[in-house]
Amino acid sequence: MIEKTIGTFGFHLVGDTDVPRPIRPNVRVYVKSSAVSRSADLAISPCLASSADIDQFVDDAIAALQLVRADAKRALTTACQG
């Protein structure tokens with residue numbers, strides 16, 4: 001298994017543990033579960049088996065985060081006005 005964490009996010013490349021480069025590898029995207037986590041340890045994606053799967057998951061995550069951003073700003077503005 002290969003694990004790579006950059007900042008808060010990371011991924012694990014997994015497959016057959018007996019083979020250094022498995023025939024059918026897949027990727028799972030992770031995020032750190034807390035500020036004290038040393039590595040990304042909370043899976044936020046299913047197993048992704050192709051570049052298209054990875055692109056679709058990341059595009060969907062970005063779109064969802066954009067909605068959260070807009071909602072959070074709206075809530076903050078409403079709270080500050082009231």
# chains A, B, ... in the order shown; residues from 1 in each chain; ligands from 1
>>> select_by_dssp(residues="chain A", states="strand (DSSP E or B)", output="list in words")
Ile2, Glu3, Lys4, Thr5, Ile6, Phe9, Gly10, Phe11, His12, Leu13, Val14, Asn26, Val27, Arg28, Val29, Tyr30, Val31, Leu42, Ala43 and Leu48 of chain A
>>> select_by_dssp(residues="chain A", states="alpha helix (DSSP H)", output="number ranges by chain")
A: 51-81
>>> residues_around(residues="Ala49 in chain A", least_positions_apart="5", cutoff="8 Å", atoms="only C-alpha atoms", output="VMD selection string")
chain A and resid 24 to 27 54
>>> write_last_selection(atoms="C-alpha atoms", output="JSON list (two decimals), in the first residue's frame")
[["chain", "number", "residue", "atom", "x", "y", "z"],
["A", 24, "ARG", "CA", -6.05, -4.05, -10.11],
["A", 25, "PRO", "CA", -5.00, -1.21, -7.81],
["A", 26, "ASN", "CA", -7.45, 1.38, -6.55],
["A", 27, "VAL", "CA", -7.23, 4.68, -4.76],
["A", 54, "ILE", "CA", -10.79, 10.16, -9.43]]
>>> closest_residue(among="A:Val29, A:Val14, A:Cys80, A:Ile2", to="Asp53 in chain A", atoms="only C-alpha atoms")
A:Val29
>>> residues_around(residues="range 33-47 of chain A", least_positions_apart="2", cutoff="12 Å", atoms="only C-alpha atoms", output="PyMOL selection string")
chain A and resi 3-15+24-31+49-51+53-58+60-61
>>> write_last_selection(atoms="N, CA and C atoms", output="mmCIF file, in the first residue's frame")
data_model
loop_
_atom_site.group_PDB
_atom_site.id
_atom_site.type_symbol
_atom_site.label_atom_id
_atom_site.label_comp_id
_atom_site.auth_asym_id
_atom_site.auth_seq_id
_atom_site.Cartn_x
_atom_site.Cartn_y
_atom_site.Cartn_z
ATOM 1 N N GLU A 3 0.796 5.299 0.787
ATOM 2 C CA GLU A 3 0.031 6.364 1.422
ATOM 3 C C GLU A 3 0.734 7.688 1.158
ATOM 4 N N LYS A 4 -0.026 8.696 0.807
ATOM 5 C CA LYS A 4 0.531 10.021 0.556
ATOM 6 C C LYS A 4 -0.396 11.052 1.171
ATOM 7 N N THR A 5 0.126 11.872 2.073
ATOM 8 C CA THR A 5 -0.657 12.929 2.702
ATOM 9 C C THR A 5 0.004 14.268 2.423
ATOM 10 N N ILE A 6 -0.794 15.217 1.969
ATOM 11 C CA ILE A 6 -0.324 16.582 1.751
ATOM 12 C C ILE A 6 -1.270 17.489 2.512
ATOM 13 N N GLY A 7 -0.772 18.109 3.576
ATOM 14 C CA GLY A 7 -1.636 18.955 4.384
ATOM 15 C C GLY A 7 -2.710 18.134 5.056
ATOM 16 N N THR A 8 -3.949 18.488 4.813
ATOM 17 C CA THR A 8 -5.090 17.830 5.440
ATOM 18 C C THR A 8 -5.574 16.623 4.657
ATOM 19 N N PHE A 9 -5.214 16.528 3.402
ATOM 20 C CA PHE A 9 -5.746 15.490 2.524
ATOM 21 C C PHE A 9 -4.696 14.457 2.150
ATOM 22 N N GLY A 10 -5.148 13.299 1.717
ATOM 23 C CA GLY A 10 -4.229 12.258 1.290
ATOM 24 C C GLY A 10 -4.940 11.201 0.496
ATOM 25 N N PHE A 11 -4.180 10.198 0.090
ATOM 26 C CA PHE A 11 -4.777 9.059 -0.591
ATOM 27 C C PHE A 11 -3.988 7.823 -0.231
ATOM 28 N N HIS A 12 -4.632 6.697 -0.372
ATOM 29 C CA HIS A 12 -3.992 5.402 -0.217
ATOM 30 C C HIS A 12 -4.178 4.659 -1.528
ATOM 31 N N LEU A 13 -3.093 4.147 -2.093
ATOM 32 C CA LEU A 13 -3.139 3.275 -3.257
ATOM 33 C C LEU A 13 -3.102 1.865 -2.717
ATOM 34 N N VAL A 14 -4.167 1.114 -2.942
ATOM 35 C CA VAL A 14 -4.266 -0.220 -2.349
ATOM 36 C C VAL A 14 -4.537 -1.266 -3.425
ATOM 37 N N GLY A 15 -4.246 -2.471 -3.079
ATOM 38 C CA GLY A 15 -4.476 -3.597 -3.972
ATOM 39 C C GLY A 15 -4.034 -4.858 -3.249
ATOM 40 N N ARG A 24 -4.834 -4.857 -10.198
ATOM 41 C CA ARG A 24 -6.051 -4.046 -10.111
ATOM 42 C C ARG A 24 -5.984 -3.116 -8.901
ATOM 43 N N PRO A 25 -5.085 -2.116 -8.957
ATOM 44 C CA PRO A 25 -5.000 -1.212 -7.814
ATOM 45 C C PRO A 25 -6.194 -0.263 -7.793
ATOM 46 N N ASN A 26 -6.429 0.340 -6.649
ATOM 47 C CA ASN A 26 -7.446 1.383 -6.549
ATOM 48 C C ASN A 26 -6.962 2.419 -5.545
ATOM 49 N N VAL A 27 -7.587 3.561 -5.613
ATOM 50 C CA VAL A 27 -7.229 4.684 -4.758
ATOM 51 C C VAL A 27 -8.423 5.029 -3.891
ATOM 52 N N ARG A 28 -8.158 5.379 -2.654
ATOM 53 C CA ARG A 28 -9.198 5.896 -1.770
ATOM 54 C C ARG A 28 -8.681 7.222 -1.220
ATOM 55 N N VAL A 29 -9.520 8.253 -1.279
ATOM 56 C CA VAL A 29 -9.147 9.585 -0.812
ATOM 57 C C VAL A 29 -9.469 9.697 0.672
ATOM 58 N N TYR A 30 -8.546 10.292 1.412
ATOM 59 C CA TYR A 30 -8.671 10.433 2.864
ATOM 60 C C TYR A 30 -8.496 11.891 3.275
ATOM 61 N N VAL A 31 -8.965 12.191 4.477
ATOM 62 C CA VAL A 31 -8.761 13.489 5.103
ATOM 63 C C VAL A 31 -8.360 13.215 6.553
ATOM 64 N N ALA A 49 -11.099 3.383 -9.200
ATOM 65 C CA ALA A 49 -10.296 2.461 -9.995
ATOM 66 C C ALA A 49 -9.765 3.038 -11.303
ATOM 67 N N SER A 50 -10.106 4.298 -11.605
ATOM 68 C CA SER A 50 -9.620 4.872 -12.862
ATOM 69 C C SER A 50 -9.411 6.374 -12.693
ATOM 70 N N SER A 51 -8.699 6.952 -13.636
ATOM 71 C CA SER A 51 -8.491 8.405 -13.631
ATOM 72 C C SER A 51 -9.823 9.136 -13.703
ATOM 73 N N ASP A 53 -12.711 8.074 -12.549
ATOM 74 C CA ASP A 53 -13.338 7.976 -11.225
ATOM 75 C C ASP A 53 -12.768 9.020 -10.276
ATOM 76 N N ILE A 54 -11.445 9.171 -10.299
ATOM 77 C CA ILE A 54 -10.790 10.158 -9.429
ATOM 78 C C ILE A 54 -11.245 11.562 -9.800
ATOM 79 N N ASP A 55 -11.235 11.878 -11.097
ATOM 80 C CA ASP A 55 -11.675 13.204 -11.548
ATOM 81 C C ASP A 55 -13.107 13.482 -11.122
ATOM 82 N N GLN A 56 -13.998 12.516 -11.314
ATOM 83 C CA GLN A 56 -15.406 12.715 -10.964
ATOM 84 C C GLN A 56 -15.566 12.940 -9.468
ATOM 85 N N PHE A 57 -14.883 12.148 -8.651
ATOM 86 C CA PHE A 57 -14.988 12.305 -7.208
ATOM 87 C C PHE A 57 -14.492 13.682 -6.768
ATOM 88 N N VAL A 58 -13.325 14.090 -7.264
ATOM 89 C CA VAL A 58 -12.762 15.388 -6.875
ATOM 90 C C VAL A 58 -13.637 16.531 -7.377
ATOM 91 N N ASP A 60 -16.878 16.445 -7.882
ATOM 92 C CA ASP A 60 -18.068 16.460 -7.027
ATOM 93 C C ASP A 60 -17.744 17.043 -5.649
ATOM 94 N N ALA A 61 -16.576 16.708 -5.113
ATOM 95 C CA ALA A 61 -16.175 17.229 -3.798
ATOM 96 C C ALA A 61 -15.988 18.743 -3.855
#
>>> decode(residues="range 29-56 of chain A", atoms="C-alpha atoms", output="PDB file, in the first residue's frame")
ATOM      1  CA  VAL A  29      -9.147   9.585  -0.812  1.00  0.00           C
ATOM      2  CA  TYR A  30      -8.671  10.433   2.864  1.00  0.00           C
ATOM      3  CA  VAL A  31      -8.761  13.489   5.103  1.00  0.00           C
ATOM      4  CA  LYS A  32      -7.247  13.948   8.556  1.00  0.00           C
ATOM      5  CA  SER A  33      -9.872  13.127  11.172  1.00  0.00           C
ATOM      6  CA  SER A  34      -8.566  15.715  13.650  1.00  0.00           C
ATOM      7  CA  ALA A  35      -5.964  18.423  14.098  1.00  0.00           C
ATOM      8  CA  VAL A  36      -3.765  15.977  16.021  1.00  0.00           C
ATOM      9  CA  SER A  37      -3.781  13.296  13.310  1.00  0.00           C
ATOM     10  CA  ARG A  38      -0.360  12.757  11.779  1.00  0.00           C
ATOM     11  CA  SER A  39      -1.720  11.378   8.524  1.00  0.00           C
ATOM     12  CA  ALA A  40      -4.918  11.331   6.545  1.00  0.00           C
ATOM     13  CA  ASP A  41      -6.945   8.593   8.237  1.00  0.00           C
ATOM     14  CA  LEU A  42     -10.638   9.123   7.467  1.00  0.00           C
ATOM     15  CA  ALA A  43     -11.805   7.747   4.098  1.00  0.00           C
ATOM     16  CA  ILE A  44     -14.050  10.165   2.218  1.00  0.00           C
ATOM     17  CA  SER A  45     -14.291   8.291  -1.075  1.00  0.00           C
ATOM     18  CA  PRO A  46     -15.163   4.835  -2.290  1.00  0.00           C
ATOM     19  CA  CYS A  47     -12.412   2.838  -3.976  1.00  0.00           C
ATOM     20  CA  LEU A  48     -11.600   4.668  -7.195  1.00  0.00           C
ATOM     21  CA  ALA A  49     -10.296   2.461  -9.995  1.00  0.00           C
ATOM     22  CA  SER A  50      -9.620   4.872 -12.862  1.00  0.00           C
ATOM     23  CA  SER A  51      -8.491   8.405 -13.631  1.00  0.00           C
ATOM     24  CA  ALA A  52     -12.072   9.233 -14.616  1.00  0.00           C
ATOM     25  CA  ASP A  53     -13.338   7.976 -11.225  1.00  0.00           C
ATOM     26  CA  ILE A  54     -10.790  10.158  -9.429  1.00  0.00           C
ATOM     27  CA  ASP A  55     -11.675  13.204 -11.548  1.00  0.00           C
ATOM     28  CA  GLN A  56     -15.406  12.715 -10.964  1.00  0.00           C
TER      29      GLN A  56
END
